[in-house]
file upload04.txt (compact mmCIF, C-alpha atoms)
# COMPACT_ATOMS: atom_id res chain seq x y z
CA MET A 1 -8.10 -4.67 -19.23
CA SER A 2 -11.56 -3.19 -19.86
CA ASP A 3 -13.29 -6.54 -19.43
CA ALA A 4 -11.62 -7.26 -16.08
CA ARG A 5 -13.91 -9.09 -13.70
CA ILE A 6 -14.82 -8.05 -10.16
CA PHE A 7 -15.28 -10.85 -7.66
CA TYR A 8 -17.43 -10.78 -4.52
CA GLN A 9 -18.18 -13.15 -1.64
CA GLU A 10 -20.36 -15.43 -3.77
CA ASP A 11 -17.50 -15.85 -6.26
CA CYS A 12 -15.01 -16.99 -3.63
CA ASN A 13 -14.80 -20.40 -2.00
CA ILE A 14 -12.75 -20.05 1.16
CA SER A 15 -12.78 -23.84 1.60
CA MET A 16 -10.13 -23.94 -1.16
CA LEU A 17 -7.64 -23.11 1.62
CA GLU A 18 -9.05 -25.37 4.32
CA GLY A 19 -6.50 -27.90 5.51
CA LYS A 20 -3.68 -25.78 4.09
CA THR A 21 -1.10 -23.84 6.08
CA ILE A 22 -0.69 -20.18 5.17
CA ALA A 23 2.60 -18.50 6.05
CA ILE A 24 2.57 -14.73 6.34
CA ILE A 25 6.14 -13.49 5.89
CA GLY A 26 6.49 -10.25 7.81
CA TYR A 27 4.34 -8.75 10.55
CA GLY A 28 4.23 -5.06 9.73
CA SER A 29 1.28 -2.99 8.53
CA GLN A 30 -0.06 -5.50 5.98
CA GLY A 31 1.37 -8.61 7.64
CA HIS A 32 -0.46 -8.29 10.93
CA ALA A 33 -3.75 -7.49 9.17
CA HIS A 34 -3.57 -10.45 6.79
CA ALA A 35 -2.54 -12.90 9.51
CA LEU A 36 -5.22 -11.89 12.00
CA ASN A 37 -8.01 -11.62 9.41
CA LEU A 38 -7.18 -15.04 7.94
CA LYS A 39 -7.00 -16.58 11.41
CA GLU A 40 -10.39 -15.14 12.36
CA SER A 41 -11.78 -16.45 9.07
CA GLY A 42 -10.96 -19.96 10.32
CA LEU A 43 -7.81 -20.63 8.32
CA ASN A 44 -4.54 -22.10 9.59
CA VAL A 45 -2.00 -19.26 9.74
CA ILE A 46 1.63 -19.11 10.79
CA VAL A 47 3.97 -16.11 10.73
CA GLY A 48 7.52 -16.19 9.36
CA LEU A 49 10.01 -13.69 10.77
CA TYR A 50 13.77 -13.23 10.70
CA GLU A 51 15.70 -14.23 13.80
CA GLY A 52 15.53 -11.48 16.41
CA SER A 53 12.50 -9.74 14.95
CA LYS A 54 10.83 -7.36 17.39
CA SER A 55 7.45 -8.41 15.97
CA LYS A 56 7.69 -11.96 17.32
CA ALA A 57 6.35 -11.15 20.79
CA LYS A 58 3.51 -9.09 19.34
CA ALA A 59 2.42 -11.83 16.93
CA GLU A 60 2.58 -14.49 19.63
CA ALA A 61 0.61 -12.29 22.03
CA GLN A 62 -2.09 -12.10 19.38
CA GLY A 63 -2.35 -15.88 19.29
CA LEU A 64 -0.24 -16.65 16.23
CA THR A 65 2.43 -19.30 15.79
CA VAL A 66 5.76 -17.72 14.83
CA MET A 67 8.64 -19.49 13.10
CA ASN A 68 11.79 -18.31 11.40
CA THR A 69 11.18 -17.51 7.74
CA ALA A 70 12.72 -20.69 6.31
CA ASP A 71 10.79 -23.01 8.65
CA ALA A 72 7.55 -21.16 7.95
CA ALA A 73 8.08 -21.53 4.19
CA LYS A 74 8.83 -25.22 4.61
CA ALA A 75 5.69 -25.80 6.68
CA ALA A 76 3.38 -23.82 4.44
CA ASP A 77 1.29 -24.56 1.37
CA VAL A 78 0.65 -20.86 0.74
CA ILE A 79 3.38 -18.25 1.30
CA MET A 80 2.45 -14.56 1.27
CA ILE A 81 5.49 -12.25 1.19
CA LEU A 82 4.74 -8.99 2.99
CA ILE A 83 8.15 -7.50 3.75
CA ASN A 84 9.66 -4.42 2.08
CA ASP A 85 10.05 -4.67 -1.70
CA GLU A 86 13.81 -4.10 -1.58
CA LYS A 87 14.32 -6.98 0.88
CA GLN A 88 12.19 -9.60 -0.82
CA ALA A 89 14.57 -11.03 -3.43
CA LYS A 90 17.42 -11.71 -0.99
CA MET A 91 15.07 -13.25 1.56
CA TYR A 92 13.38 -15.36 -1.14
CA GLN A 93 16.67 -16.84 -2.34
CA LYS A 94 17.85 -17.61 1.18
CA ASP A 95 14.72 -18.82 2.95
CA ILE A 96 11.89 -19.54 0.55
CA ALA A 97 13.28 -20.94 -2.71
CA PRO A 98 14.97 -23.94 -1.01
CA ASN A 99 11.72 -24.80 0.78
CA LEU A 100 9.15 -24.54 -2.00
CA LYS A 101 7.25 -27.72 -2.88
CA ALA A 102 5.46 -28.48 -6.13
CA GLY A 103 1.88 -27.23 -5.84
CA ASP A 104 2.65 -24.51 -3.29
CA MET A 105 1.30 -21.02 -3.90
CA LEU A 106 3.64 -18.05 -3.67
CA MET A 107 1.76 -14.79 -3.06
CA PHE A 108 2.47 -11.07 -3.15
CA ALA A 109 0.59 -7.88 -2.29
CA HIS A 110 2.57 -5.87 -4.86
CA GLY A 111 4.00 -7.09 -8.16
CA PHE A 112 7.35 -5.28 -8.02
CA ASN A 113 9.71 -8.25 -7.55
CA ILE A 114 7.94 -10.55 -9.98
CA HIS A 115 7.34 -7.95 -12.69
CA PHE A 116 10.93 -6.69 -12.67
CA GLY A 117 12.35 -10.23 -12.56
CA LEU A 118 14.00 -10.01 -9.15
CA ILE A 119 12.22 -13.16 -8.03
CA LYS A 120 11.95 -16.05 -10.51
CA PRO A 121 9.77 -18.83 -9.05
CA PRO A 122 10.02 -22.44 -10.27
CA ALA A 123 7.46 -23.59 -12.82
CA ASP A 124 5.69 -26.01 -10.48
CA VAL A 125 4.24 -23.45 -8.05
CA ASP A 126 1.33 -21.04 -8.38
CA VAL A 127 2.24 -17.35 -8.26
CA THR A 128 -0.58 -14.96 -7.40
CA MET A 129 -1.35 -11.58 -5.92
CA ILE A 130 -3.91 -10.15 -3.55
CA ALA A 131 -3.24 -6.44 -3.20
CA PRO A 132 -5.52 -4.59 -0.76
CA LYS A 133 -6.17 -0.99 -1.73
CA ALA A 134 -5.58 0.38 1.76
CA PRO A 135 -2.93 0.45 4.49
CA GLY A 136 -2.81 -2.58 6.77
CA HIS A 137 -4.49 -0.92 9.74
CA THR A 138 -7.50 -0.18 7.49
CA VAL A 139 -7.57 -3.75 6.16
CA ARG A 140 -7.76 -4.85 9.78
CA SER A 141 -10.26 -2.28 11.08
CA GLU A 142 -12.64 -2.74 8.14
CA TYR A 143 -12.61 -6.50 8.67
CA GLN A 144 -13.33 -6.07 12.37
CA ALA A 145 -16.24 -3.78 11.50
CA GLY A 146 -17.75 -6.52 9.33
CA LYS A 147 -16.78 -4.74 6.13
CA GLY A 148 -13.77 -5.07 3.85
CA THR A 149 -11.15 -3.26 1.82
CA PRO A 150 -11.23 -3.60 -1.99
CA ALA A 151 -8.29 -5.54 -3.44
CA LEU A 152 -6.73 -6.56 -6.72
CA VAL A 153 -6.18 -10.17 -7.75
CA ALA A 154 -3.69 -11.38 -10.34
CA VAL A 155 -2.32 -14.72 -11.48
CA TYR A 156 1.23 -14.74 -12.82
CA GLN A 157 1.68 -18.51 -12.92
CA ASP A 158 -1.00 -21.21 -12.69
CA ALA A 159 0.81 -24.48 -12.07
CA THR A 160 -2.09 -26.28 -10.39
CA GLY A 161 -4.97 -25.01 -12.51
CA LYS A 162 -6.55 -23.60 -9.36
CA ALA A 163 -4.40 -20.53 -8.73
CA LEU A 164 -7.21 -18.00 -9.21
CA GLU A 165 -9.62 -19.94 -6.99
CA LYS A 166 -7.05 -20.15 -4.20
CA ALA A 167 -6.11 -16.49 -4.52
CA LEU A 168 -9.78 -15.49 -4.32
CA ALA A 169 -10.19 -17.68 -1.24
CA TYR A 170 -7.30 -15.78 0.33
CA GLY A 171 -8.94 -12.49 -0.67
CA ALA A 172 -12.16 -13.59 1.00
CA GLY A 173 -10.18 -14.61 4.07
CA ILE A 174 -8.84 -11.10 4.62
CA GLY A 175 -12.27 -9.57 3.99
CA ALA A 176 -11.59 -8.08 0.56
CA ALA A 177 -14.43 -9.97 -1.16
CA ARG A 178 -16.91 -8.11 1.04
CA ALA A 179 -15.96 -4.96 -0.89
CA GLY A 180 -14.87 -6.39 -4.25
CA ILE A 181 -11.75 -7.91 -5.79
CA LEU A 182 -10.75 -6.55 -9.21
CA GLU A 183 -8.91 -8.77 -11.68
CA THR A 184 -5.63 -7.37 -12.99
CA THR A 185 -2.10 -8.43 -13.98
CA PHE A 186 1.23 -8.18 -12.17
CA ARG A 187 2.44 -5.67 -14.74
CA THR A 188 -0.63 -3.43 -14.51
CA GLU A 189 -0.69 -3.45 -10.71
CA THR A 190 3.02 -2.68 -10.45
CA GLU A 191 3.10 0.15 -12.96
CA THR A 192 -0.15 1.82 -11.91
CA ASP A 193 0.63 1.49 -8.19
CA LEU A 194 4.07 3.07 -8.54
CA PHE A 195 2.71 5.83 -10.76
CA GLY A 196 -0.21 6.60 -8.46
CA GLU A 197 2.06 6.83 -5.43
CA GLN A 198 4.60 9.06 -7.11
CA ALA A 199 2.56 11.36 -9.32
CA VAL A 200 -0.62 11.71 -7.27
CA LEU A 201 -1.10 10.13 -3.85
CA CYS A 202 2.25 10.82 -2.18
CA GLY A 203 4.59 12.81 -4.40
CA GLY A 204 1.94 14.95 -6.07
CA VAL A 205 -0.36 15.59 -3.13
CA CYS A 206 2.38 16.26 -0.59
CA ALA A 207 4.20 18.64 -2.94
CA LEU A 208 0.95 20.48 -3.72
CA MET A 209 0.03 20.91 -0.06
CA LYS A 210 3.53 22.10 0.85
CA ALA A 211 3.60 24.57 -2.04
CA GLY A 212 0.23 26.01 -0.97
CA PHE A 213 1.38 26.27 2.65
CA GLU A 214 4.63 27.99 1.63
CA THR A 215 2.83 30.43 -0.67
CA LEU A 216 0.54 31.64 2.11
CA VAL A 217 3.30 31.85 4.73
CA GLU A 218 5.62 33.71 2.36
CA ALA A 219 2.76 36.17 1.70
CA GLY A 220 2.66 36.95 5.41
CA TYR A 221 -0.28 34.84 6.58
CA ASP A 222 -0.28 33.03 9.91
CA GLU A 223 1.32 29.61 9.44
CA ARG A 224 -1.50 28.00 11.41
CA ASN A 225 -4.08 29.40 9.00
CA ALA A 226 -1.94 28.13 6.13
CA TYR A 227 -1.81 24.66 7.66
CA PHE A 228 -5.58 24.49 8.14
CA GLU A 229 -6.40 25.71 4.64
CA CYS A 230 -3.82 23.76 2.62
CA ILE A 231 -3.15 20.60 4.65
CA HIS A 232 -5.72 19.89 7.36
CA GLU A 233 -8.73 20.30 5.07
CA MET A 234 -7.29 17.99 2.42
CA LYS A 235 -8.75 15.02 4.31
CA LEU A 236 -12.21 16.59 4.33
CA ILE A 237 -12.19 16.98 0.56
CA VAL A 238 -10.66 13.56 -0.12
CA ASP A 239 -13.21 11.89 2.15
CA LEU A 240 -16.03 13.48 0.14
CA ILE A 241 -14.47 12.26 -3.12
CA TYR A 242 -13.96 8.79 -1.57
CA GLN A 243 -17.64 8.65 -0.62
CA SER A 244 -19.30 10.09 -3.71
CA GLY A 245 -16.79 11.07 -6.38
CA PHE A 246 -15.88 14.52 -7.69
CA ALA A 247 -19.53 15.42 -8.27
CA GLY A 248 -20.48 14.50 -4.70
CA MET A 249 -17.61 16.56 -3.34
CA ARG A 250 -18.61 19.56 -5.44
CA TYR A 251 -22.22 19.22 -4.29
CA SER A 252 -21.03 19.46 -0.67
CA ILE A 253 -18.79 22.51 -0.99
CA SER A 254 -19.75 26.15 -1.50
CA ASN A 255 -20.40 27.65 -4.92
CA THR A 256 -17.34 29.84 -4.35
CA ALA A 257 -15.15 26.79 -3.82
CA GLU A 258 -16.69 24.93 -6.76
CA TYR A 259 -16.17 27.87 -9.13
CA GLY A 260 -12.56 28.20 -7.96
CA ASP A 261 -12.10 24.48 -8.56
CA TYR A 262 -13.14 24.76 -12.21
CA ILE A 263 -11.08 27.84 -13.13
CA THR A 264 -7.93 27.22 -11.06
CA GLY A 265 -7.28 23.49 -11.37
CA PRO A 266 -6.29 23.78 -15.07
CA LYS A 267 -3.91 26.64 -14.23
CA LEU A 268 -2.00 24.39 -11.83
CA ILE A 269 -2.17 21.08 -13.66
CA THR A 270 -1.12 22.15 -17.14
CA ASP A 271 -0.04 20.36 -20.30
CA GLU A 272 3.52 20.60 -18.98
CA THR A 273 2.44 18.81 -15.78
CA LYS A 274 0.88 16.06 -17.90
CA LYS A 275 4.11 15.72 -19.89
CA THR A 276 6.02 15.31 -16.64
CA MET A 277 3.55 12.66 -15.51
CA LYS A 278 4.08 10.77 -18.77
CA LYS A 279 7.84 10.86 -18.21
CA ILE A 280 7.34 9.53 -14.67
CA LEU A 281 5.24 6.69 -16.07
CA ALA A 282 7.81 5.94 -18.78
CA ASP A 283 10.57 5.69 -16.15
CA ILE A 284 8.43 3.22 -14.23
CA GLN A 285 7.58 1.16 -17.32
CA ASP A 286 11.16 0.83 -18.58
CA GLY A 287 12.60 -0.03 -15.15
CA THR A 288 14.50 3.24 -14.61
CA PHE A 289 12.77 3.93 -11.30
CA ALA A 290 13.17 0.34 -10.09
CA LYS A 291 16.90 0.41 -10.93
CA GLU A 292 17.45 3.69 -9.08
CA PHE A 293 15.39 2.60 -6.08
CA LEU A 294 17.10 -0.77 -5.70
CA LEU A 295 20.56 0.80 -6.03
CA GLU A 296 19.69 3.39 -3.38
CA MET A 297 18.39 0.72 -0.99
CA SER A 298 21.29 -1.68 -1.60
CA ASP A 299 24.38 -2.03 0.57
CA ALA A 300 26.30 -0.10 -2.09
CA GLY A 301 23.79 2.74 -2.06
CA GLY A 302 23.55 2.73 1.71
CA GLN A 303 20.21 4.61 1.64
CA VAL A 304 22.24 7.82 1.97
CA HIS A 305 20.05 9.90 -0.36
CA PHE A 306 16.85 8.25 0.94
CA ASN A 307 17.64 9.04 4.58
CA ALA A 308 18.75 12.57 3.74
CA MET A 309 15.49 13.25 1.90
CA ARG A 310 13.49 11.78 4.79
CA LYS A 311 15.32 14.03 7.28
CA LEU A 312 14.94 17.11 5.10
CA GLN A 313 11.21 16.61 4.64
CA ALA A 314 10.70 15.97 8.36
CA GLU A 315 12.21 19.38 9.08
CA HIS A 316 9.78 21.27 6.83
CA GLN A 317 7.94 24.11 8.57
CA ALA A 318 4.56 22.53 7.81
CA GLU A 319 5.54 19.42 9.78
CA LYS A 320 6.43 21.48 12.83
CA VAL A 321 3.26 23.58 12.65
CA GLY A 322 1.11 20.53 12.04
CA LYS A 323 2.53 18.67 15.02
CA GLU A 324 1.55 21.52 17.33
CA ILE A 325 -1.89 21.97 15.77
CA ARG A 326 -2.75 18.27 15.98
CA LYS A 327 -2.10 18.32 19.74
CA MET A 328 -5.21 20.45 20.18
CA TYR A 329 -7.53 17.95 18.50
CA SER A 330 -9.59 16.31 21.24
CA TRP A 331 -9.59 13.05 19.28
CA ASN A 332 -5.88 13.04 18.55
CA ASN A 333 -4.44 9.52 18.40
CA GLU A 334 -1.41 10.23 16.23
CA GLY A 335 0.94 8.32 18.53
CA ASP A 336 -1.29 5.24 18.52
CA MET A 337 -1.52 5.26 14.73
CA LEU A 338 2.25 5.43 14.29
CA ILE A 339 2.79 2.63 16.81
CA ASN A 340 0.19 0.38 15.22
CA ASN A 341 1.73 0.85 11.82
call {"tool": "encode", "arguments": {"input": "upload04.txt", "output": "C-alpha cells"}}
result
Amino acid sequence: MSDARIFYQEDCNISMLEGKTIAIIGYGSQGHAHALNLKESGLNVIVGLYEGSKSKAKAEAQGLTVMNTADAAKAADVIMILINDEKQAKMYQKDIAPNLKAGDMLMFAHGFNIHFGLIKPPADVDVTMIAPKAPGHTVRSEYQAGKGTPALVAVYQDATGKALEKALAYGAGIGAARAGILETTFRTETETDLFGEQAVLCGGVCALMKAGFETLVEAGYDERNAYFECIHEMKLIVDLIYQSGFAGMRYSISNTAEYGDYITGPKLITDETKKTMKKILADIQDGTFAKEFLLEMSDAGGQVHFNAMRKLQAEHQAEKVGKEIRKMYSWNNEGDMLINN
C-alpha cells in the first residue's frame, strides 16, 4: 500500500471514545500498557481477566476496575483483545461473542485470528486494529516520558461508518499518535509481522548471534570475548540504526568495521538465504505456519515441541555466559525487566 496514510495527533479526535467503556482483555505486556495509557488519557477503562488470574491484584492496585472477561465484554463499547494469539478464538467464542452489541468495536493488536479466520465477528460491529511497534513496557515508558510508540492502524469491518476515527482515537489514547500511526490492512500486518519475527528480528538475529558466538568459541577464543563481540554489541549497532538508519550507523563505526560490513554481509546473506526467506514468507501467506503453530499450541499438540525447543535454547552456552556477564553491569535490571513483562 504505497499510498498508505500516516496519522498524527492532529488527525485523531480522542473525544470519539468519550462516554464509551473500553475493555482491555488481558493484562500482560501490552495489556497493562494500553489500559494505563488510556486511563491516563482520560478514557473509561476496565480490564477483563479469566477467573483466578494472577494479574487481577496488580491491575486493581494500579487503579483499574477488573471484571471477568464475559462481564467486561458485556459492559464495554470497545473491546481490545490482548491475550496470546492461540488463546483468542476459544475465549472469543465463550466470553465475547455472546456479549457483543450492535455498534461495538472489536479491536486487536495483531491480525492473526481475523486474517486466518479463527474469529468471525458479526456484521454489525466494527473490527479494527491498533498494533504498537514495540513491546508493552516500551509503549508504557514512552507514554510516561511524553512521547509515543509508532503503531499500525487497520479497519477490517466498518459497521458504524466511524471505525477508523474510533481506532485512531484509541491510538491517540495510548500515545501512538505522538509518533505516528501508519495505515495498513489486517493481511499486511499479519504476514509482515510474522515474517519479520521469524526471518529477521527473532529467528534470524538470534541464530546469527549464536552462530558467531559458536564460531569464535570453537576456534579457541574466550567465551566472554565471544559474547561481547557477537551478542552484547548487537544492541549498540541496532540502536544506531534505530536512530539514524544504516548510513548513520556506518558513519558512527570505524572504517575497518564499515569495510567489513560491505564485503562480508553478502557472503553471509546469499541468494540461497533469500530463497529460504521467500519460502518462509510463502508458508506464512498460505497458512502453513499458522496451522503448525495452532496444532502445536492445542491440547492435542500439548506444546511438547515448543517447550522442548524453549528448554534447549535456554541451555545454550551463550545464555550461561551472558547471564554471568550481565551481573557485572552496574546498571543491570534484568530481573526487573522480566518481572514487568
call {"tool": "residues_around", "arguments": {"input": "upload04.txt", "residues": "A:Gly31", "least_positions_apart": "6", "cutoff": "8 Å", "atoms": "all atoms listed in the file", "output": "PyMOL selection string"}}
result
chain A and resi 24-25+82-83+136
call {"tool": "closest_residue", "arguments": {"input": "upload04.txt", "among": "A:Leu281, A:Ile237, A:Leu100, A:Ala72", "to": "A:Ala257", "atoms": "all atoms listed in the file"}}
result
A:Ile237
call {"tool": "closest_residue", "arguments": {"input": "upload04.txt", "among": "A:Val155, A:Phe7, A:Leu64, A:Ala35", "to": "A:Ile174", "atoms": "all atoms listed in the file"}}
result
A:Ala35
call {"tool": "atom_distance", "arguments": {"input": "upload04.txt", "atom1": "atom CA of A:Ala75", "atom2": "atom CA of A:Tyr50"}}
result
15.5 Å
call {"tool": "closest_residue", "arguments": {"input": "upload04.txt", "among": "A:Arg178, A:Lys120, A:His34, A:His305", "to": "A:Arg140", "atoms": "all atoms listed in the file"}}
result
A:His34
call {"tool": "residues_around", "arguments": {"input": "upload04.txt", "residues": "A:Tyr227", "least_positions_apart": "3", "cutoff": "12 Å", "atoms": "only C-alpha atoms", "output": "list of chain:residue names"}}
result
A:Met209, A:Lys210, A:Ala211, A:Gly212, A:Phe213, A:Glu214, A:Thr215, A:Leu216, A:Val217, A:Tyr221, A:Asp222, A:Glu223, A:Arg224, A:Cys230, A:Ile231, A:His232, A:Glu233, A:Met234, A:Gln317, A:Ala318, A:Glu319, A:Lys320, A:Val321, A:Gly322, A:Lys323, A:Glu324, A:Ile325, A:Arg326
call {"tool": "residues_around", "arguments": {"input": "upload04.txt", "residues": "A:Gln144", "least_positions_apart": "4", "cutoff": "12 Å", "atoms": "all atoms listed in the file", "output": "mmCIF file with C-alpha atoms, in the frame of the given file"}}
result
data_model
loop_
_atom_site.group_PDB
_atom_site.id
_atom_site.type_symbol
_atom_site.label_atom_id
_atom_site.label_comp_id
_atom_site.auth_asym_id
_atom_site.auth_seq_id
_atom_site.Cartn_x
_atom_site.Cartn_y
_atom_site.Cartn_z
ATOM 1 C CA ALA A 33 -3.750 -7.490 9.170
ATOM 2 C CA LEU A 36 -5.220 -11.890 12.000
ATOM 3 C CA ASN A 37 -8.010 -11.620 9.410
ATOM 4 C CA LEU A 38 -7.180 -15.040 7.940
ATOM 5 C CA GLU A 40 -10.390 -15.140 12.360
ATOM 6 C CA SER A 41 -11.780 -16.450 9.070
ATOM 7 C CA HIS A 137 -4.490 -0.920 9.740
ATOM 8 C CA THR A 138 -7.500 -0.180 7.490
ATOM 9 C CA VAL A 139 -7.570 -3.750 6.160
ATOM 10 C CA ARG A 140 -7.760 -4.850 9.780
ATOM 11 C CA GLY A 148 -13.770 -5.070 3.850
ATOM 12 C CA THR A 149 -11.150 -3.260 1.820
ATOM 13 C CA ILE A 174 -8.840 -11.100 4.620
ATOM 14 C CA GLY A 175 -12.270 -9.570 3.990
#
call {"tool": "residues_around", "arguments": {"input": "upload04.txt", "residues": "A:Val125", "least_positions_apart": "3", "cutoff": "7 Å", "atoms": "only C-alpha atoms", "output": "CSV table (one decimal) with C-alpha atoms, in the frame of the given file"}}
result
chain,number,residue,atom,x,y,z
A,102,ALA,CA,5.5,-28.5,-6.1
A,103,GLY,CA,1.9,-27.2,-5.8
A,104,ASP,CA,2.6,-24.5,-3.3
A,105,MET,CA,1.3,-21.0,-3.9
A,106,LEU,CA,3.6,-18.0,-3.7
A,122,PRO,CA,10.0,-22.4,-10.3
A,159,ALA,CA,0.8,-24.5,-12.1
call {"tool": "closest_residue", "arguments": {"input": "upload04.txt", "among": "A:Lys278, A:Arg187, A:Lys147, A:Lys235", "to": "A:Ala199", "atoms": "only C-alpha atoms"}}
result
A:Lys278
call {"tool": "closest_residue", "arguments": {"input": "upload04.txt", "among": "A:Val153, A:Lys94, A:Tyr251, A:Gly63", "to": "A:Ala169", "atoms": "only C-alpha atoms"}}
result
A:Val153
call {"tool": "residues_near_point", "arguments": {"input": "upload04.txt", "point": "(-6.2, -7.3, -9.5)", "cutoff": "9 Å", "atoms": "only C-alpha atoms", "output": "PyMOL selection string"}}
result
chain A and resi 4-6+129-131+151-155+181-186+188-189
call {"tool": "decode", "arguments": {"input": "upload04.txt", "residues": "stretch 38-104 of chain A", "atoms": "C-alpha atoms", "output": "compact mmCIF listing (two decimals), in the first residue's frame"}}
result
# COMPACT_ATOMS: atom_id res chain seq x y z
CA LEU A 38 -5.85 5.03 28.06
CA LYS A 39 -6.82 5.68 31.68
CA GLU A 40 -4.28 8.49 31.98
CA SER A 41 -5.59 9.92 28.70
CA GLY A 42 -8.94 10.40 30.45
CA LEU A 43 -10.85 7.46 29.00
CA ASN A 44 -13.04 4.98 30.86
CA VAL A 45 -11.14 1.68 31.02
CA ILE A 46 -11.95 -1.69 32.55
CA VAL A 47 -9.86 -4.87 32.46
CA GLY A 48 -11.24 -8.31 31.60
CA LEU A 49 -9.44 -11.34 33.04
CA TYR A 50 -10.18 -15.03 33.44
CA GLU A 51 -11.23 -16.23 36.87
CA GLY A 52 -8.20 -16.73 39.09
CA SER A 53 -5.86 -14.57 37.03
CA LYS A 54 -2.74 -13.54 38.94
CA SER A 55 -2.89 -10.15 37.20
CA LYS A 56 -6.09 -9.10 38.97
CA ALA A 57 -4.40 -7.78 42.10
CA LYS A 58 -1.81 -5.91 40.05
CA ALA A 59 -4.41 -4.22 37.85
CA GLU A 60 -6.55 -3.25 40.83
CA ALA A 61 -3.51 -1.89 42.67
CA GLN A 62 -2.90 0.35 39.67
CA GLY A 63 -6.39 1.81 39.98
CA LEU A 64 -8.22 -0.21 37.35
CA THR A 65 -11.61 -1.91 37.59
CA VAL A 66 -11.29 -5.65 36.92
CA MET A 67 -14.11 -7.95 35.81
CA ASN A 68 -14.23 -11.46 34.44
CA THR A 69 -13.85 -11.48 30.66
CA ALA A 70 -17.53 -12.03 29.83
CA ASP A 71 -18.76 -9.25 32.14
CA ALA A 72 -16.13 -6.87 30.79
CA ALA A 73 -17.22 -7.59 27.21
CA LYS A 74 -20.84 -7.06 28.15
CA ALA A 75 -20.11 -3.72 29.83
CA ALA A 76 -17.88 -2.40 27.08
CA ASP A 77 -18.41 -0.48 23.86
CA VAL A 78 -14.83 -1.13 22.72
CA ILE A 79 -13.14 -4.50 23.35
CA MET A 80 -9.39 -4.82 22.76
CA ILE A 81 -8.17 -8.43 22.84
CA LEU A 82 -4.60 -8.62 24.12
CA ILE A 83 -4.14 -12.24 25.17
CA ASN A 84 -1.96 -14.81 23.37
CA ASP A 85 -2.89 -15.45 19.73
CA GLU A 86 -3.50 -19.17 20.30
CA LYS A 87 -5.99 -18.48 23.13
CA GLN A 88 -8.05 -15.79 21.47
CA ALA A 89 -10.53 -17.81 19.39
CA LYS A 90 -11.67 -20.04 22.26
CA MET A 91 -12.00 -17.09 24.62
CA TYR A 92 -13.87 -15.07 21.98
CA GLN A 93 -16.46 -17.81 21.42
CA LYS A 94 -17.01 -18.34 25.13
CA ASP A 95 -16.90 -14.84 26.59
CA ILE A 96 -17.08 -12.16 23.92
CA ALA A 97 -19.32 -13.32 21.07
CA PRO A 98 -22.40 -13.78 23.32
CA ASN A 99 -21.93 -10.28 24.74
CA LEU A 100 -21.33 -8.20 21.62
CA LYS A 101 -23.86 -5.47 20.86
CA ALA A 102 -24.52 -3.83 17.51
CA GLY A 103 -22.20 -0.84 17.15
CA ASP A 104 -19.49 -2.21 19.45
